[in-house]
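run_5.csv (CSV, C-alpha atoms and all ligand atoms)
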chain,number,residue,atom,x,y,z
A,1,MET,CA,26.6,134.2,176.4
A,2,VAL,CA,25.8,132.8,173.0
A,3,LYS,CA,28.9,132.5,170.8
A,4,ARG,CA,28.3,134.2,167.5
A,5,ALA,CA,28.4,131.8,164.6
A,6,THR,CA,31.0,133.3,162.3
A,7,ASN,CA,33.1,131.6,159.7
A,8,ASP,CA,35.7,133.8,158.1
A,9,GLU,CA,38.0,131.0,157.0
A,10,PRO,CA,39.0,131.4,153.4
A,11,TRP,CA,37.5,129.4,150.5
A,12,ARG,CA,40.3,127.3,149.1
A,13,VAL,CA,40.3,126.5,145.4
A,14,GLY,CA,42.7,124.4,143.4
A,15,VAL,CA,44.6,125.9,140.4
A,16,LEU,CA,46.4,123.6,137.9
A,17,PHE,CA,48.2,125.4,135.0
A,18,SER,CA,51.7,124.6,133.8
A,19,GLN,CA,54.3,127.2,134.4
A,20,THR,CA,57.0,125.1,132.8
A,21,GLY,CA,57.1,122.7,129.8
A,22,VAL,CA,55.9,122.9,126.2
A,23,THR,CA,52.5,124.4,126.8
A,24,ALA,CA,53.5,126.9,129.6
A,25,VAL,CA,53.4,129.7,126.9
A,26,ILE,CA,49.6,129.6,127.0
A,27,GLU,CA,48.9,127.9,130.4
A,28,GLU,CA,50.8,130.7,132.3
A,29,THR,CA,48.4,133.2,130.8
A,30,GLN,CA,45.5,131.1,132.0
A,31,LEU,CA,47.1,131.2,135.5
A,32,ARG,CA,47.3,135.0,135.2
A,33,GLY,CA,43.6,135.2,134.2
A,34,THR,CA,42.7,133.1,137.2
A,35,ILE,CA,44.8,135.1,139.6
A,36,LEU,CA,43.4,138.4,138.4
A,37,ALA,CA,39.9,137.3,138.9
A,38,ILE,CA,40.6,135.9,142.4
A,39,GLU,CA,42.3,139.2,143.3
A,40,GLU,CA,39.3,141.1,142.0
A,41,VAL,CA,36.8,139.0,144.0
A,42,ASN,CA,39.0,139.4,147.1
A,43,ALA,CA,39.4,143.2,146.6
A,44,ALA,CA,35.6,143.4,146.5
A,45,GLY,CA,35.3,141.8,149.9
A,46,GLY,CA,35.7,138.1,149.0
A,47,VAL,CA,32.7,135.8,148.7
A,48,ASN,CA,30.3,136.4,151.6
A,49,GLY,CA,33.1,138.1,153.5
A,50,ARG,CA,35.5,135.1,153.0
A,51,GLU,CA,38.6,135.3,150.9
A,52,LEU,CA,39.3,133.1,147.9
A,53,VAL,CA,42.7,131.4,148.4
A,54,PRO,CA,44.3,129.5,145.5
A,55,VAL,CA,46.2,126.2,146.2
A,56,MET,CA,48.5,126.0,143.1
A,57,TYR,CA,50.7,123.4,141.6
A,58,ASP,CA,52.8,123.4,138.4
A,59,PRO,CA,52.0,120.2,136.5
A,60,ALA,CA,54.9,121.1,134.1
A,61,SER,CA,52.9,120.2,130.9
A,62,ASN,CA,52.9,116.6,132.1
A,63,VAL,CA,49.6,114.7,131.8
A,64,ARG,CA,50.3,112.3,134.7
A,65,SER,CA,51.2,115.3,137.0
A,66,PHE,CA,47.8,116.8,136.2
A,67,ALA,CA,46.1,113.7,137.5
A,68,ARG,CA,48.3,113.3,140.5
A,69,TYR,CA,48.0,117.0,141.6
A,70,ALA,CA,44.2,116.9,141.0
A,71,ASP,CA,44.0,113.9,143.3
A,72,ARG,CA,46.1,115.6,145.9
A,73,LEU,CA,44.0,118.8,145.7
A,74,LEU,CA,40.8,116.8,146.2
A,75,THR,CA,42.1,114.6,149.0
A,76,GLU,CA,45.0,116.0,151.1
A,77,ASP,CA,44.3,119.6,150.4
A,78,GLY,CA,40.6,119.3,151.0
A,79,VAL,CA,39.7,121.4,147.9
A,80,SER,CA,36.6,120.6,145.8
A,81,THR,CA,36.8,123.1,143.0
A,82,ILE,CA,39.8,123.1,140.5
A,83,PHE,CA,40.5,125.7,137.8
A,84,GLY,CA,42.8,124.1,135.3
A,85,CYS,CA,44.0,122.2,132.3
A,86,TYR,CA,44.9,123.4,128.8
A,87,THR,CA,45.5,120.3,126.7
A,88,SER,CA,42.7,117.8,126.2
A,89,SER,CA,45.0,115.0,127.3
A,90,SER,CA,45.4,116.7,130.7
A,91,ARG,CA,41.6,117.2,131.0
A,92,LYS,CA,41.1,113.5,130.0
A,93,ALA,CA,43.5,112.5,132.8
A,94,VAL,CA,41.8,114.7,135.4
A,95,LEU,CA,38.3,113.7,134.4
A,96,PRO,CA,38.2,110.3,136.2
A,97,VAL,CA,39.8,111.9,139.3
A,98,VAL,CA,37.1,114.6,139.6
A,99,GLU,CA,34.4,112.1,138.9
A,100,ARG,CA,35.7,109.6,141.5
A,101,ARG,CA,36.2,112.3,144.2
A,102,ASN,CA,33.2,114.4,143.2
A,103,GLY,CA,35.2,117.5,142.5
A,104,LEU,CA,34.3,120.3,140.0
A,105,LEU,CA,36.9,121.1,137.3
A,106,TRP,CA,36.5,124.4,135.5
A,107,TYR,CA,38.1,124.0,132.0
A,108,PRO,CA,38.9,127.3,130.2
A,109,THR,CA,40.1,125.9,126.9
A,110,LEU,CA,38.7,125.3,123.4
A,111,TYR,CA,38.6,121.6,122.6
A,112,GLU,CA,37.4,118.9,120.3
A,113,GLY,CA,34.0,118.4,121.9
A,114,PHE,CA,32.3,114.9,122.2
A,115,GLU,CA,32.6,114.9,126.0
A,116,TYR,CA,30.3,115.5,128.9
A,117,SER,CA,31.1,115.1,132.6
A,118,PRO,CA,28.8,116.3,135.4
A,119,ASN,CA,32.1,117.2,137.2
A,120,ILE,CA,33.4,119.6,134.5
A,121,ILE,CA,32.2,123.1,133.5
A,122,TYR,CA,33.5,123.7,130.0
A,123,THR,CA,34.1,127.5,129.3
A,124,GLY,CA,36.2,127.2,126.1
A,125,ALA,CA,34.7,126.7,122.6
A,126,ALA,CA,33.3,123.5,121.2
A,127,PRO,CA,33.8,122.9,117.5
A,128,ASN,CA,30.4,124.4,116.5
A,129,GLN,CA,31.6,127.7,118.0
A,130,ASN,CA,34.8,128.0,116.1
A,131,SER,CA,35.5,125.3,113.4
A,132,VAL,CA,32.3,125.6,111.5
A,133,GLU,CA,32.4,129.3,110.8
A,134,LEU,CA,36.2,129.0,110.2
A,135,VAL,CA,35.9,126.3,107.5
A,136,ASP,CA,33.1,128.3,105.6
A,137,PHE,CA,35.3,131.4,105.6
A,138,LEU,CA,38.4,129.6,104.4
A,139,LEU,CA,36.6,127.8,101.6
A,140,GLU,CA,35.1,131.1,100.4
A,141,SER,CA,38.3,133.1,100.7
A,142,TYR,CA,41.1,130.8,99.8
A,143,GLY,CA,40.0,127.5,98.3
A,144,SER,CA,39.1,123.9,99.0
A,145,ARG,CA,42.4,122.0,99.4
A,146,PHE,CA,43.3,121.8,103.1
A,147,TYR,CA,46.6,120.5,104.6
A,148,LEU,CA,46.2,119.5,108.3
A,149,ILE,CA,49.2,119.8,110.7
A,150,GLY,CA,48.8,118.9,114.3
A,151,SER,CA,50.6,118.1,117.6
A,152,ASP,CA,50.3,114.4,118.2
A,153,TYR,CA,47.5,114.0,120.8
A,154,ILE,CA,43.8,113.8,121.1
A,155,TYR,CA,42.7,117.4,120.5
A,156,PRO,CA,44.5,117.7,117.1
A,157,ARG,CA,43.5,114.2,115.9
A,158,GLU,CA,39.8,114.7,116.9
A,159,SER,CA,39.6,118.3,115.6
A,160,ASN,CA,41.0,117.1,112.3
A,161,ARG,CA,38.5,114.3,112.2
A,162,ILE,CA,35.8,117.0,112.5
A,163,MET,CA,37.5,119.2,110.0
A,164,ARG,CA,37.6,116.3,107.5
A,165,GLU,CA,33.9,115.7,108.0
A,166,LEU,CA,33.0,119.4,107.6
A,167,LEU,CA,35.1,119.6,104.4
A,168,ARG,CA,33.5,116.4,103.1
A,169,GLN,CA,30.0,118.0,103.6
A,170,ARG,CA,31.2,121.2,101.7
A,171,ARG,CA,33.1,119.6,98.8
A,172,GLY,CA,36.5,120.5,100.2
A,173,GLU,CA,39.3,118.0,100.5
A,174,VAL,CA,42.1,117.1,102.8
A,175,VAL,CA,45.3,116.9,100.7
A,176,GLY,CA,47.7,116.2,103.6
A,177,GLU,CA,47.6,115.3,107.3
A,178,HIS,CA,50.7,115.2,109.5
A,179,TYR,CA,51.3,115.0,113.3
A,180,LEU,CA,54.4,116.0,115.2
A,181,ASP,CA,55.3,115.4,118.8
A,182,LEU,CA,54.5,118.2,121.3
A,183,ARG,CA,58.3,118.5,121.7
A,184,ALA,CA,59.1,118.5,118.0
A,185,ARG,CA,62.1,120.6,117.0
A,186,PRO,CA,62.1,123.5,114.4
A,187,SER,CA,63.9,121.2,111.9
A,188,GLU,CA,61.0,118.8,111.8
A,189,PHE,CA,58.7,121.7,110.8
A,190,ARG,CA,61.1,122.9,108.1
A,191,LEU,CA,61.2,119.4,106.6
A,192,LEU,CA,57.4,119.3,106.6
A,193,MET,CA,57.2,122.5,104.6
A,194,ARG,CA,58.8,120.6,101.6
A,195,ASP,CA,55.7,118.3,101.6
A,196,VAL,CA,53.4,121.3,101.8
A,197,ARG,CA,55.2,122.9,98.8
A,198,ASN,CA,54.9,119.6,96.8
A,199,THR,CA,51.2,119.2,97.7
A,200,GLY,CA,50.2,122.9,97.0
A,201,PRO,CA,47.2,123.3,99.4
A,202,ASP,CA,45.0,126.4,99.6
A,203,VAL,CA,45.0,126.4,103.5
A,204,ILE,CA,47.1,124.9,106.3
A,205,PHE,CA,44.8,124.0,109.2
A,206,SER,CA,47.0,123.9,112.3
A,207,THR,CA,46.2,122.1,115.5
A,208,VAL,CA,49.8,122.5,116.7
A,209,VAL,CA,49.8,123.8,120.3
A,210,GLY,CA,52.2,125.4,122.7
A,211,GLN,CA,55.8,126.3,122.0
A,212,ALA,CA,55.9,124.3,118.7
A,213,THR,CA,53.3,126.8,117.3
A,214,ALA,CA,56.2,129.3,116.8
A,215,TYR,CA,58.3,126.6,115.0
A,216,LEU,CA,55.5,125.9,112.5
A,217,TYR,CA,54.8,129.6,111.6
A,218,GLN,CA,58.6,130.3,111.5
A,219,ALA,CA,59.2,127.3,109.2
A,220,TYR,CA,56.3,128.6,107.0
A,221,ALA,CA,57.9,132.1,106.8
A,222,ASP,CA,61.3,130.6,106.1
A,223,ALA,CA,59.8,128.6,103.2
A,224,GLY,CA,58.7,131.9,101.7
A,225,PHE,CA,55.0,131.1,101.6
A,226,ASP,CA,52.5,134.0,101.4
A,227,SER,CA,49.8,134.2,104.0
A,228,ARG,CA,47.6,136.2,101.6
A,229,VAL,CA,47.4,133.2,99.3
A,230,MET,CA,47.7,130.2,101.6
A,231,PRO,CA,47.3,131.1,105.3
A,232,ILE,CA,47.6,129.0,108.3
A,233,ALA,CA,44.3,128.8,110.1
A,234,SER,CA,44.0,127.7,113.8
A,235,LEU,CA,41.9,127.6,116.9
A,236,THR,CA,44.8,127.9,119.3
A,237,THR,CA,47.2,130.4,117.8
A,238,SER,CA,46.4,133.4,120.1
A,239,GLU,CA,48.1,136.6,121.0
A,240,ALA,CA,50.4,134.6,123.4
A,241,GLU,CA,51.8,132.4,120.6
A,242,VAL,CA,52.0,135.4,118.3
A,243,LYS,CA,54.1,137.2,120.9
A,244,LEU,CA,56.3,134.2,121.1
A,245,MET,CA,56.9,133.9,117.3
A,246,GLY,CA,56.9,137.7,116.6
A,247,ALA,CA,54.1,139.7,114.9
A,248,ASP,CA,56.0,139.7,111.5
A,249,VAL,CA,55.9,135.9,111.5
A,250,ALA,CA,52.2,135.6,112.4
A,251,CYS,CA,51.0,138.4,110.1
A,252,GLY,CA,48.1,137.5,107.8
A,253,HIS,CA,47.3,134.1,109.4
A,254,ILE,CA,43.8,133.4,110.7
A,255,THR,CA,42.5,132.3,114.1
A,256,ALA,CA,38.9,131.5,115.1
A,257,ALA,CA,38.1,132.3,118.8
A,258,PRO,CA,35.4,133.6,121.1
A,259,TYR,CA,37.7,136.4,122.2
A,260,PHE,CA,40.6,138.6,120.9
A,261,GLU,CA,42.3,141.4,122.8
A,262,SER,CA,41.0,143.6,120.0
A,263,VAL,CA,37.3,143.1,120.9
A,264,ARG,CA,36.0,146.7,121.2
A,265,THR,CA,33.5,146.5,124.1
A,266,ALA,CA,33.7,148.8,127.2
A,267,ASP,CA,34.0,145.6,129.4
A,268,ASN,CA,37.0,144.4,127.4
A,269,LEU,CA,38.8,147.8,127.3
A,270,SER,CA,38.6,147.8,131.0
A,271,PHE,CA,39.6,144.2,131.4
A,272,VAL,CA,42.7,144.6,129.1
A,273,SER,CA,43.7,147.7,131.0
A,274,ARG,CA,43.4,145.9,134.4
A,275,TYR,CA,45.3,142.9,133.1
A,276,LYS,CA,48.2,145.0,131.8
A,277,LYS,CA,48.3,147.0,135.0
A,278,ARG,CA,48.7,143.8,136.9
A,279,PHE,CA,51.0,141.8,134.6
A,280,GLY,CA,52.8,144.4,132.4
A,281,ASP,CA,52.1,146.5,129.3
A,282,ASP,CA,53.6,144.0,127.0
A,283,GLU,CA,51.4,141.1,128.2
A,284,PRO,CA,48.5,140.6,125.7
A,285,THR,CA,45.3,139.0,126.7
A,286,ASN,CA,43.9,136.1,124.7
A,287,LEU,CA,41.0,133.6,124.5
A,288,CYS,CA,42.4,131.4,127.2
A,289,VAL,CA,43.1,134.2,129.6
A,290,GLU,CA,39.6,135.5,129.1
A,291,ALA,CA,37.9,132.1,129.8
A,292,ALA,CA,40.2,131.5,132.8
A,293,TYR,CA,39.2,134.9,134.1
A,294,PHE,CA,35.4,134.9,133.6
A,295,GLN,CA,35.0,131.3,134.9
A,296,VAL,CA,36.3,132.4,138.3
A,297,HIS,CA,33.8,135.2,138.4
A,298,VAL,CA,30.9,132.8,137.4
A,299,PHE,CA,32.1,130.5,140.2
A,300,ALA,CA,32.3,133.3,142.8
A,301,LYS,CA,28.8,134.5,141.9
A,302,ALA,CA,27.3,131.0,142.3
A,303,LEU,CA,29.3,130.5,145.6
A,304,ALA,CA,27.9,133.7,147.0
A,305,GLU,CA,24.4,132.5,146.3
A,306,VAL,CA,24.7,129.0,147.9
A,307,ASN,CA,27.5,129.7,150.4
A,308,SER,CA,28.7,126.1,149.9
A,309,MET,CA,31.6,124.5,148.0
A,310,ASP,CA,29.7,121.2,147.7
A,311,PRO,CA,29.7,120.5,143.9
A,312,ASP,CA,26.2,119.0,144.2
A,313,VAL,CA,24.9,122.3,145.7
A,314,LEU,CA,27.0,124.7,143.5
A,315,ARG,CA,26.5,123.1,140.1
A,316,PRO,CA,22.7,123.6,139.7
A,317,ILE,CA,23.3,127.3,140.4
A,318,VAL,CA,26.2,127.5,137.9
A,319,LEU,CA,24.2,125.9,135.2
A,320,GLY,CA,22.1,128.6,133.5
A,321,SER,CA,24.1,131.5,135.1
A,322,GLU,CA,25.1,134.5,133.0
A,323,PHE,CA,28.0,136.8,133.1
A,324,ASP,CA,29.1,140.0,131.2
A,325,ALA,CA,32.5,138.6,130.2
A,326,PRO,CA,35.1,140.7,128.2
A,327,GLN,CA,33.9,138.8,125.0
A,328,GLY,CA,30.3,139.8,125.7
A,329,ARG,CA,27.5,138.2,127.7
A,330,ILE,CA,28.0,134.5,128.1
A,331,MET,CA,25.9,131.8,129.7
A,332,ILE,CA,26.7,128.3,131.1
A,333,ASP,CA,24.4,126.0,129.2
A,334,THR,CA,22.1,123.9,131.4
A,335,GLU,CA,22.0,120.9,129.2
A,336,SER,CA,25.7,120.4,128.3
A,337,SER,CA,27.7,122.2,131.0
A,338,HIS,CA,29.5,124.0,128.1
A,339,THR,CA,29.2,127.7,127.5
A,340,ASN,CA,27.3,130.0,125.1
A,341,LEU,CA,30.2,131.8,123.5
A,342,TRP,CA,30.8,134.3,120.7
A,343,THR,CA,32.2,133.2,117.4
A,344,ARG,CA,34.9,135.5,115.9
A,345,LEU,CA,37.5,135.1,113.1
A,346,GLY,CA,40.6,137.2,113.4
A,347,ARG,CA,43.5,137.9,111.0
A,348,ALA,CA,46.8,138.6,112.7
A,349,ASN,CA,48.2,142.1,111.9
A,350,ALA,CA,51.6,143.6,112.0
A,351,ALA,CA,51.1,144.8,115.6
A,352,GLY,CA,50.6,141.3,117.0
A,353,GLN,CA,46.8,141.8,117.3
A,354,PHE,CA,43.9,140.2,115.5
A,355,GLU,CA,41.8,142.3,113.1
A,356,ILE,CA,38.3,140.8,113.5
A,357,VAL,CA,37.0,139.9,110.1
A,358,LYS,CA,33.8,138.2,111.1
A,359,GLU,CA,31.8,137.9,114.3
A,360,SER,CA,28.5,136.4,115.5
A,361,LEU,CA,25.6,138.7,116.4
A,362,TRP,CA,25.2,136.9,119.8
A,363,ALA,CA,26.7,134.2,121.9
A,364,VAL,CA,26.4,130.8,120.1
A,365,LYS,CA,24.9,127.8,122.0
A,366,PRO,CA,27.4,125.0,122.4
A,367,ASP,CA,26.7,121.8,120.5
A,368,PRO,CA,29.6,119.6,121.7
A,369,TYR,CA,28.3,116.5,119.9
A,370,LEU,CA,27.6,118.4,116.7
A,371,VAL,CA,24.1,117.1,116.8
A,372,SER,CA,22.8,120.0,114.6
A,373,HIS,CA,25.3,119.3,111.9
B,401,LIG,C1,43.3,121.5,123.6
B,401,LIG,O1,44.1,120.5,123.7
B,401,LIG,N1,42.1,121.4,124.0
B,401,LIG,C2,43.8,122.7,123.0
Just dump the structure as structure tokens.
Amino acid sequence: MVKRATNDEPWRVGVLFSQTGVTAVIEETQLRGTILAIEEVNAAGGVNGRELVPVMYDPASNVRSFARYADRLLTEDGVSTIFGCYTSSSRKAVLPVVERRNGLLWYPTLYEGFEYSPNIIYTGAAPNQNSVELVDFLLESYGSRFYLIGSDYIYPRESNRIMRELLRQRRGEVVGEHYLDLRARPSEFRLLMRDVRNTGPDVIFSTVVGQATAYLYQAYADAGFDSRVMPIASLTTSEAEVKLMGADVACGHITAAPYFESVRTADNLSFVSRYKKRFGDDEPTNLCVEAAYFQVHVFAKALAEVNSMDPDVLRPIVLGSEFDAPQGRIMIDTESSHTNLWTRLGRANAAGQFEIVKESLWAVKPDPYLVSH
């Protein structure tokens, strides 16, 4: 009798998002987006009848742990695909690991651009998909004097380099630039507000991330500044950070992102409702949840087509693939391994949501090296 060739072993995938430490506030939401998508794929029968099973570690917002766990996943755990990383420093630490071991990292976070790896699929925004539209809006609405405040690592420093360049091209100016440790305390932000007051900018551009985001906005509120006159603008202050600081503290400030919970498409209404049903009514979605969510579905569709986890087989199918994400239809760009994403500007309101004040008519092609600027 011929033995039937069956393989119902699960597809194992690595998941690396911090559940503790200074960026857990946002990384935990990326973990939830990943889990929701994995559960949806499995509820629909898995991929070619085989279940997706996550192998998860908590890198605890520690860059070295990201590299160590990535290596463990790709060697001891025998995994070849990893969904993970929020900070650019963690991605930069994982990059040589996935290149050496020929793994595939799916990175669901906006970042500073100027990077390409054949072993990374970038599903968050590059600067041409958020910063360019944001700077034009801010110059038009508030004025030309920008004060840059960031956490002290590569994403803020590089994003501010780009912001400075965009401002120079548009006759705006940087009137202050200051970096604080990712673990900075509230008192350091309160002190910084004195310099902001003395300098008198029209806009604060914040690249502060994680828990410290709440300290910055609270220090701003305590200093008595008015967001209608001099808002804080950001690419990372999402519904998750707003929830942490409180809607009253965030109200009036501006964020540029491909996605807000308030996007009014049928796909998004359904996504938000499924997310809340799974994780609780008081859990908002955000740009990082959404990217973490749709990238698993893009991966699962490609895997179904090739039935192989080999990155060299999977990757050509991923590139050029499209998906109806909650933000609208997206496409993985063939040239850059980045993603065509929507550009939106939101103003935080009293309900902790973003009122969308501007949005693109279609998904914008990524230009990670700002070649067209
Ligand atoms: C980031 O570090 N890319 C937010």
Report as a CSV table (one decimal) with C-alpha atoms, in the frame of the given file all protein, DNA and RNA residues lying within 9 Å of A:Phe299, evaluated on all atoms listed in the file, omitting residues in the same chain fewer than 5 positions from it.
chain,number,residue,atom,x,y,z
A,106,TRP,CA,36.5,124.4,135.5
A,294,PHE,CA,35.4,134.9,133.6
A,304,ALA,CA,27.9,133.7,147.0
A,314,LEU,CA,27.0,124.7,143.5
A,318,VAL,CA,26.2,127.5,137.9
Test item: residues at most 7 Å from stretch 25-32 of chain A, only C-alpha atoms, excluding those fewer than 5 positions along its chain, as a ChimeraX atom specification: /A:17-19,86,210-211,240,288-289,292
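Atom pair atom CA of A:Tyr122 / atom CA of A:Ile317 has a distance of 15.0 Å (rounded to one decimal).
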Please write out the residues within 9 Å of ligand LIG 401 (chain B) as a VMD selection string, counting only C-alpha atoms and all ligand atoms. chain A and resid 85 to 91 109 to 113 124 153 to 156 207 to 210 235 to 236
Which residues are close to A:Ser144, i.e. within 8 Å by only C-alpha atoms, leaving aside same-chain residues fewer than 6 positions away? Reply as a PyMOL selection string. chain A and resi 138+167+171-173+202-203
May I have the residues within 9 Å of A:Leu74 as number ranges by chain, using all atoms listed in the file and disregarding those fewer than 2 positions away in the same chain? A: 14, 69-72, 76-82, 97-98, 101-103
Extract stretch 162-171 of chain A from the coordinates I pasted, and write it as a PDB file, in the first residue's frame (atoms kept: all heavy atoms).
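Dumped everything to decode-v6.pdb:
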ATOM      1  N   ILE A 162      16.411  64.470   8.129  1.00  0.00           N
ATOM      2  CA  ILE A 162      15.521  64.606   6.975  1.00  0.00           C
ATOM      3  C   ILE A 162      14.609  65.823   7.149  1.00  0.00           C
ATOM      4  O   ILE A 162      14.408  66.610   6.226  1.00  0.00           O
ATOM      5  CB  ILE A 162      14.702  63.309   6.783  1.00  0.00           C
ATOM      6  CG1 ILE A 162      15.638  62.164   6.371  1.00  0.00           C
ATOM      7  CG2 ILE A 162      13.580  63.489   5.762  1.00  0.00           C
ATOM      8  CD1 ILE A 162      15.056  60.786   6.556  1.00  0.00           C
ATOM      9  N   MET A 163      14.092  66.005   8.352  1.00  0.00           N
ATOM     10  CA  MET A 163      13.219  67.155   8.622  1.00  0.00           C
ATOM     11  C   MET A 163      13.961  68.467   8.380  1.00  0.00           C
ATOM     12  O   MET A 163      13.442  69.399   7.766  1.00  0.00           O
ATOM     13  CB  MET A 163      12.715  67.067  10.071  1.00  0.00           C
ATOM     14  CG  MET A 163      11.726  68.131  10.470  1.00  0.00           C
ATOM     15  SD  MET A 163      10.309  68.301   9.359  1.00  0.00           S
ATOM     16  CE  MET A 163       9.289  66.934   9.853  1.00  0.00           C
ATOM     17  N   ARG A 164      15.207  68.527   8.844  1.00  0.00           N
ATOM     18  CA  ARG A 164      16.029  69.733   8.659  1.00  0.00           C
ATOM     19  C   ARG A 164      16.202  70.031   7.164  1.00  0.00           C
ATOM     20  O   ARG A 164      16.074  71.165   6.716  1.00  0.00           O
ATOM     21  CB  ARG A 164      17.394  69.502   9.319  1.00  0.00           C
ATOM     22  CG  ARG A 164      18.298  70.693   9.375  1.00  0.00           C
ATOM     23  CD  ARG A 164      19.598  70.306  10.072  1.00  0.00           C
ATOM     24  NE  ARG A 164      19.491  70.279  11.524  1.00  0.00           N
ATOM     25  CZ  ARG A 164      19.573  71.351  12.296  1.00  0.00           C
ATOM     26  NH1 ARG A 164      19.752  72.551  11.767  1.00  0.00           N
ATOM     27  NH2 ARG A 164      19.474  71.249  13.608  1.00  0.00           N
ATOM     28  N   GLU A 165      16.426  68.958   6.392  1.00  0.00           N
ATOM     29  CA  GLU A 165      16.615  69.100   4.947  1.00  0.00           C
ATOM     30  C   GLU A 165      15.313  69.564   4.276  1.00  0.00           C
ATOM     31  O   GLU A 165      15.328  70.469   3.429  1.00  0.00           O
ATOM     32  CB  GLU A 165      17.070  67.733   4.398  1.00  0.00           C
ATOM     33  CG  GLU A 165      17.374  67.675   2.932  1.00  0.00           C
ATOM     34  CD  GLU A 165      18.595  68.499   2.526  1.00  0.00           C
ATOM     35  OE1 GLU A 165      19.389  68.899   3.407  1.00  0.00           O
ATOM     36  OE2 GLU A 165      18.716  68.764   1.332  1.00  0.00           O
ATOM     37  N   LEU A 166      14.191  68.957   4.670  1.00  0.00           N
ATOM     38  CA  LEU A 166      12.897  69.356   4.098  1.00  0.00           C
ATOM     39  C   LEU A 166      12.603  70.817   4.429  1.00  0.00           C
ATOM     40  O   LEU A 166      12.102  71.573   3.598  1.00  0.00           O
ATOM     41  CB  LEU A 166      11.777  68.452   4.626  1.00  0.00           C
ATOM     42  CG  LEU A 166      11.815  66.981   4.200  1.00  0.00           C
ATOM     43  CD1 LEU A 166      10.737  66.179   4.931  1.00  0.00           C
ATOM     44  CD2 LEU A 166      11.654  66.843   2.695  1.00  0.00           C
ATOM     45  N   LEU A 167      12.931  71.225   5.636  1.00  0.00           N
ATOM     46  CA  LEU A 167      12.689  72.613   6.047  1.00  0.00           C
ATOM     47  C   LEU A 167      13.586  73.573   5.270  1.00  0.00           C
ATOM     48  O   LEU A 167      13.143  74.641   4.843  1.00  0.00           O
ATOM     49  CB  LEU A 167      12.926  72.769   7.551  1.00  0.00           C
ATOM     50  CG  LEU A 167      11.812  72.209   8.438  1.00  0.00           C
ATOM     51  CD1 LEU A 167      12.240  72.185   9.904  1.00  0.00           C
ATOM     52  CD2 LEU A 167      10.519  73.009   8.288  1.00  0.00           C
ATOM     53  N   ARG A 168      14.838  73.159   5.071  1.00  0.00           N
ATOM     54  CA  ARG A 168      15.778  74.009   4.339  1.00  0.00           C
ATOM     55  C   ARG A 168      15.253  74.269   2.919  1.00  0.00           C
ATOM     56  O   ARG A 168      15.267  75.403   2.438  1.00  0.00           O
ATOM     57  CB  ARG A 168      17.148  73.339   4.292  1.00  0.00           C
ATOM     58  CG  ARG A 168      18.310  74.261   3.906  1.00  0.00           C
ATOM     59  CD  ARG A 168      19.616  73.483   3.818  1.00  0.00           C
ATOM     60  NE  ARG A 168      19.558  72.341   2.904  1.00  0.00           N
ATOM     61  CZ  ARG A 168      19.587  72.427   1.577  1.00  0.00           C
ATOM     62  NH1 ARG A 168      19.669  73.602   0.987  1.00  0.00           N
ATOM     63  NH2 ARG A 168      19.516  71.338   0.826  1.00  0.00           N
ATOM     64  N   GLN A 169      14.710  73.209   2.289  1.00  0.00           N
ATOM     65  CA  GLN A 169      14.182  73.350   0.923  1.00  0.00           C
ATOM     66  C   GLN A 169      12.950  74.256   0.880  1.00  0.00           C
ATOM     67  O   GLN A 169      12.587  74.765  -0.163  1.00  0.00           O
ATOM     68  CB  GLN A 169      13.788  71.977   0.367  1.00  0.00           C
ATOM     69  CG  GLN A 169      14.949  71.052   0.089  1.00  0.00           C
ATOM     70  CD  GLN A 169      14.500  69.596  -0.086  1.00  0.00           C
ATOM     71  OE1 GLN A 169      13.339  69.257   0.084  1.00  0.00           O
ATOM     72  NE2 GLN A 169      15.446  68.733  -0.406  1.00  0.00           N
ATOM     73  N   ARG A 170      12.269  74.410   2.030  1.00  0.00           N
ATOM     74  CA  ARG A 170      10.998  75.143   2.064  1.00  0.00           C
ATOM     75  C   ARG A 170      11.097  76.454   2.832  1.00  0.00           C
ATOM     76  O   ARG A 170      10.094  77.004   3.267  1.00  0.00           O
ATOM     77  CB  ARG A 170       9.923  74.248   2.699  1.00  0.00           C
ATOM     78  CG  ARG A 170       9.544  73.065   1.836  1.00  0.00           C
ATOM     79  CD  ARG A 170       8.871  71.982   2.656  1.00  0.00           C
ATOM     80  NE  ARG A 170       8.347  70.923   1.816  1.00  0.00           N
ATOM     81  CZ  ARG A 170       9.087  69.970   1.253  1.00  0.00           C
ATOM     82  NH1 ARG A 170      10.388  69.952   1.442  1.00  0.00           N
ATOM     83  NH2 ARG A 170       8.539  69.038   0.502  1.00  0.00           N
ATOM     84  N   ARG A 171      12.275  76.896   3.113  1.00  0.00           N
ATOM     85  CA  ARG A 171      12.527  78.138   3.853  1.00  0.00           C
ATOM     86  C   ARG A 171      11.997  78.119   5.282  1.00  0.00           C
ATOM     87  O   ARG A 171      11.603  79.135   5.833  1.00  0.00           O
ATOM     88  CB  ARG A 171      11.952  79.358   3.101  1.00  0.00           C
ATOM     89  CG  ARG A 171      12.545  79.533   1.717  1.00  0.00           C
ATOM     90  CD  ARG A 171      12.065  80.816   1.057  1.00  0.00           C
ATOM     91  NE  ARG A 171      12.388  80.811  -0.372  1.00  0.00           N
ATOM     92  CZ  ARG A 171      13.614  80.945  -0.864  1.00  0.00           C
ATOM     93  NH1 ARG A 171      14.633  81.109  -0.054  1.00  0.00           N
ATOM     94  NH2 ARG A 171      13.809  80.929  -2.159  1.00  0.00           N
TER      95      ARG A 171
END
